[in-house]
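Data block for my_file-v1.txt (compact mmCIF, C-alpha atoms):
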```txt
# COMPACT_ATOMS: atom_id res chain seq x y z
CA MET A 1 18.68 10.58 2.44
CA GLN A 2 22.02 8.78 2.30
CA ARG A 3 23.81 12.15 2.37
CA LEU A 4 22.08 12.91 5.66
CA ALA A 5 23.08 9.60 7.28
CA PRO A 6 25.98 11.08 9.31
CA ALA A 7 23.46 13.29 11.12
CA PHE A 8 21.81 10.15 12.47
CA SER A 9 24.97 8.54 13.80
CA GLY A 10 24.18 6.44 16.85
CA ALA A 11 20.46 6.23 16.09
CA GLN A 12 18.54 3.14 15.08
CA ILE A 13 17.58 3.97 11.48
CA HIS A 14 14.77 2.49 9.40
CA TYR A 15 14.59 3.31 5.70
CA ALA A 16 11.25 3.23 3.88
CA THR A 17 10.92 3.71 0.13
CA THR A 18 8.96 2.71 -2.95
CA ASP A 19 12.12 1.33 -4.57
CA ALA A 20 12.92 -2.20 -3.41
CA SER A 21 16.29 -2.13 -5.22
CA ALA A 22 17.44 0.64 -2.85
CA SER A 23 17.98 -2.03 -0.19
CA GLU A 24 21.39 -2.63 -1.77
CA GLN A 25 22.42 0.93 -0.85
CA VAL A 26 21.61 0.40 2.84
CA ALA A 27 22.64 -3.23 3.23
CA GLY A 28 22.29 -4.46 6.77
CA ARG A 29 19.91 -1.67 7.79
CA ASN A 30 16.21 -1.87 8.60
CA PHE A 31 14.48 -1.51 5.25
CA HIS A 32 10.78 -1.23 4.34
CA VAL A 33 9.03 -0.94 0.98
CA PHE A 34 5.62 0.66 0.40
CA PRO A 35 3.59 1.13 -2.81
CA ASP A 36 4.24 4.21 -4.92
CA ALA A 37 1.22 6.48 -5.35
CA ASN A 38 0.13 10.02 -6.06
CA LYS A 39 -3.07 12.09 -6.10
CA ASP A 40 -3.95 10.70 -9.53
CA THR A 41 -3.94 7.07 -8.28
CA PRO A 42 -6.44 7.07 -5.39
CA VAL A 43 -6.56 3.28 -4.87
CA ARG A 44 -2.77 3.05 -4.77
CA LEU A 45 -2.73 6.09 -2.47
CA LEU A 46 -4.96 4.21 -0.03
CA LEU A 47 -2.70 1.13 -0.26
CA CYS A 48 0.31 3.36 0.29
CA ALA A 49 -1.28 4.93 3.38
CA LEU A 50 -2.21 1.55 4.83
CA SER A 51 1.27 0.16 4.21
CA LEU A 52 2.93 3.19 5.79
CA ALA A 53 0.56 3.04 8.75
CA TRP A 54 1.57 -0.59 9.28
CA ILE A 55 5.27 0.31 9.09
CA VAL A 56 4.96 3.29 11.45
CA VAL A 57 2.85 1.37 13.99
CA ARG A 58 5.33 -1.53 13.99
CA VAL A 59 8.47 0.60 14.18
CA ARG A 60 7.10 3.33 16.50
CA PRO A 61 9.75 5.88 15.47
CA ASP A 62 10.64 8.82 17.68
CA VAL A 63 11.51 10.87 14.60
CA ILE A 64 10.50 10.69 10.93
CA VAL A 65 12.54 12.52 8.30
CA SER A 66 11.26 12.45 4.75
CA THR A 67 12.55 13.62 1.40
CA GLY A 68 9.68 11.96 -0.43
CA ALA A 69 6.53 12.99 -2.17
CA ALA A 70 3.10 11.52 -1.32
CA GLY A 71 4.49 8.63 0.70
CA GLY A 72 6.76 10.94 2.65
CA PHE A 73 3.90 13.24 3.54
CA LEU A 74 1.72 10.28 4.56
CA ALA A 75 4.48 8.86 6.78
CA ILE A 76 4.83 12.23 8.50
CA ARG A 77 1.08 12.58 8.93
CA ILE A 78 0.76 9.09 10.43
CA GLY A 79 3.85 9.57 12.59
CA ARG A 80 2.50 12.82 14.04
CA LEU A 81 -0.69 11.03 15.05
CA LEU A 82 1.48 8.65 17.07
CA GLY A 83 3.60 11.41 18.61
CA ALA A 84 6.72 11.25 16.44
CA ARG A 85 8.68 14.42 15.72
CA THR A 86 8.78 15.04 11.99
CA MET A 87 10.76 16.83 9.30
CA PHE A 88 10.02 17.11 5.58
CA ILE A 89 12.96 18.08 3.35
CA ASP A 90 11.79 19.20 -0.08
CA SER A 91 13.74 18.15 -3.16
CA ILE A 92 16.53 20.35 -4.49
CA ALA A 93 14.65 20.11 -7.81
CA ASN A 94 11.91 22.40 -6.45
CA ALA A 95 13.82 25.62 -7.09
CA ARG A 96 10.81 27.88 -7.68
CA SER A 97 8.20 26.68 -5.22
CA LEU A 98 7.57 23.96 -2.68
CA SER A 99 6.22 20.64 -3.91
CA ALA A 100 2.57 19.81 -3.22
CA SER A 101 3.67 17.37 -0.51
CA ALA A 102 5.89 19.96 1.17
CA ARG A 103 3.03 22.49 1.12
CA LEU A 104 0.79 19.91 2.84
CA ALA A 105 3.56 19.12 5.30
CA LEU A 106 3.71 22.79 6.37
CA ASN A 107 0.47 22.16 8.29
CA VAL A 108 1.60 18.87 9.83
CA ALA A 109 5.37 18.49 10.21
CA ASP A 110 7.43 19.97 13.00
CA ARG A 111 9.81 21.31 10.36
CA VAL A 112 9.64 21.73 6.60
CA LEU A 113 12.90 22.56 4.87
CA SER A 114 13.50 23.88 1.39
CA GLN A 115 16.94 23.62 -0.15
CA TRP A 116 16.49 27.07 -1.69
CA PRO A 117 16.49 30.20 0.53
CA GLY A 118 14.09 32.12 -1.73
CA VAL A 119 11.58 29.28 -1.81
CA ALA A 120 11.79 28.85 1.94
CA SER A 121 11.15 32.50 2.73
CA LYS A 122 8.33 32.76 0.19
CA ALA A 123 6.58 29.55 1.30
CA GLY A 124 6.99 29.67 5.08
CA ALA A 125 9.48 26.80 5.17
CA GLU A 126 12.97 26.90 6.65
CA TYR A 127 16.31 27.00 4.86
CA ARG A 128 19.27 25.31 6.53
CA GLY A 129 21.40 24.63 3.45
CA ALA A 130 21.29 22.29 0.49
CA VAL A 131 22.06 18.59 0.22
CA ILE A 132 23.50 18.17 -3.26
```
Let me see whether you can do it: turn the structure in this file into structure tokens.
Amino acid sequence: MQRLAPAFSGAQIHYATTDASASEQVAGRNFHVFPDANKDTPVRLLLCALSLAWIVVRVRPDVIVSTGAAGGFLAIRIGRLLGARTMFIDSIANARSLSASARLALNVADRVLSQWPGVASKAGAEYRGAVI
């Protein structure tokens, strides 16, 4: 996400992540932490969703951009319910197919981007380049 920061020049940015130590990388910026979770940890997934809902309701973002897995999808889903525009950018590591979260985001997000042209065309996502 840091590599995309210039695209958000002039905007009020809030970062949300599962990694509290990442606050050092965005010192002085709005920073939120939510619990890590996945489909195999249903209780933590619920806690993650509740935490993200609290963050999104408090911040009321106009736009949500995510590069994350379960938490990223949940933030986009919650944001869409509140009228935010949303974009999910799948990891460069997913060179053969979209991640499960990106596949879910196809039905929710305004835009889903793959960093691989072949994956994008095969999956119904968009390709606009890679962030390496």
Taking (3.1, 0.2, 17.7) as a centre in this file's frame and 12 Å as the limit, can you find every polymer residue with an atom that close, using all atoms listed in the file, and give them as a PDB file with C-alpha atoms, keeping the file's coordinate frame?
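For reference, part_12.pdb as written:
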```pdb
ATOM      1  CA  ALA A  53       0.560   3.040   8.750  1.00  0.00           C
ATOM      2  CA  TRP A  54       1.570  -0.590   9.280  1.00  0.00           C
ATOM      3  CA  ILE A  55       5.270   0.310   9.090  1.00  0.00           C
ATOM      4  CA  VAL A  56       4.960   3.290  11.450  1.00  0.00           C
ATOM      5  CA  VAL A  57       2.850   1.370  13.990  1.00  0.00           C
ATOM      6  CA  ARG A  58       5.330  -1.530  13.990  1.00  0.00           C
ATOM      7  CA  VAL A  59       8.470   0.600  14.180  1.00  0.00           C
ATOM      8  CA  ARG A  60       7.100   3.330  16.500  1.00  0.00           C
ATOM      9  CA  PRO A  61       9.750   5.880  15.470  1.00  0.00           C
ATOM     10  CA  ASP A  62      10.640   8.820  17.680  1.00  0.00           C
ATOM     11  CA  ILE A  78       0.760   9.090  10.430  1.00  0.00           C
ATOM     12  CA  GLY A  79       3.850   9.570  12.590  1.00  0.00           C
ATOM     13  CA  LEU A  81      -0.690  11.030  15.050  1.00  0.00           C
ATOM     14  CA  LEU A  82       1.480   8.650  17.070  1.00  0.00           C
ATOM     15  CA  GLY A  83       3.600  11.410  18.610  1.00  0.00           C
ATOM     16  CA  ALA A  84       6.720  11.250  16.440  1.00  0.00           C
TER      17      ALA A  84
END
```
Figure out the distance between atom CA of Gln2 of chain A and atom CA of Ser114 of chain A, please, to one decimal in Å. 17.4 Å
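Taking atom CA of Tyr15 of chain A and atom CA of Ile76 of chain A as endpoints, the distance between them is 13.5 Å.
Counting from atom CA of Val43 of chain A, the distance to atom CA of Ser66 of chain A is 22.2 Å.
Omitting Phe73 of chain A and its sequence neighbours fewer than 4 positions away, and counting only C-alpha atoms, the residues within 10 Å are Ala49, Val65, Ser66, Thr67, Gly68, Ala69, Arg77, Ile78, Gly79, Thr86, Met87, Phe88, Ala100, Ser101, Ala102, Arg103, Leu104, Ala105, Leu106, Val108 and Ala109 of chain A.
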Using only C-alpha atoms, determine which residues lie at most 7 Å from Thr17 of chain A, disregarding the query and same-chain residues fewer than 4 positions distant; provide the list as a compact mmCIF listing (two decimals) with C-alpha atoms, in the frame of the given file.
```txt
# COMPACT_ATOMS: atom_id res chain seq x y z
CA HIS A 32 10.78 -1.23 4.34
CA VAL A 33 9.03 -0.94 0.98
CA PHE A 34 5.62 0.66 0.40
```
Skipping near chain neighbours, those fewer than 3 positions away, what residues fall within 12 Å of Ala93 of chain A using all atoms listed in the file, listed as a list in words?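 So, after excluding close chain neighbours, the residues are Thr67, Ile89, Asp90, Arg96, Ser97, Leu98, Ser99, Ser114, Gln115, Trp116, Val119, Ala130, Val131 and Ile132 of chain A.
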Can I get the selection written as a PDB file, keeping the file's coordinate frame, with C-alpha atoms?
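Written file, selection.pdb:
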```pdb
ATOM      1  CA  THR A  67      12.550  13.620   1.400  1.00  0.00           C
ATOM      2  CA  ILE A  89      12.960  18.080   3.350  1.00  0.00           C
ATOM      3  CA  ASP A  90      11.790  19.200  -0.080  1.00  0.00           C
ATOM      4  CA  ARG A  96      10.810  27.880  -7.680  1.00  0.00           C
ATOM      5  CA  SER A  97       8.200  26.680  -5.220  1.00  0.00           C
ATOM      6  CA  LEU A  98       7.570  23.960  -2.680  1.00  0.00           C
ATOM      7  CA  SER A  99       6.220  20.640  -3.910  1.00  0.00           C
ATOM      8  CA  SER A 114      13.500  23.880   1.390  1.00  0.00           C
ATOM      9  CA  GLN A 115      16.940  23.620  -0.150  1.00  0.00           C
ATOM     10  CA  TRP A 116      16.490  27.070  -1.690  1.00  0.00           C
ATOM     11  CA  VAL A 119      11.580  29.280  -1.810  1.00  0.00           C
ATOM     12  CA  ALA A 130      21.290  22.290   0.490  1.00  0.00           C
ATOM     13  CA  VAL A 131      22.060  18.590   0.220  1.00  0.00           C
ATOM     14  CA  ILE A 132      23.500  18.170  -3.260  1.00  0.00           C
TER      15      ILE A 132
END
```
Just checking: using only C-alpha atoms, which residue out of A:Met1, A:Ala75, A:Ala125, A:Leu47 ends up closest to Pro35 of chain A?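 Closest residue, counting only C-alpha atoms: A:Leu47.
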Selected residue, from A:Gly71, A:Leu4, A:Asn30, A:Leu50, that lies nearest to Thr18 of chain A when counting only C-alpha atoms: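 Result for the nearest residue to Thr18 of chain A: A:Gly71.
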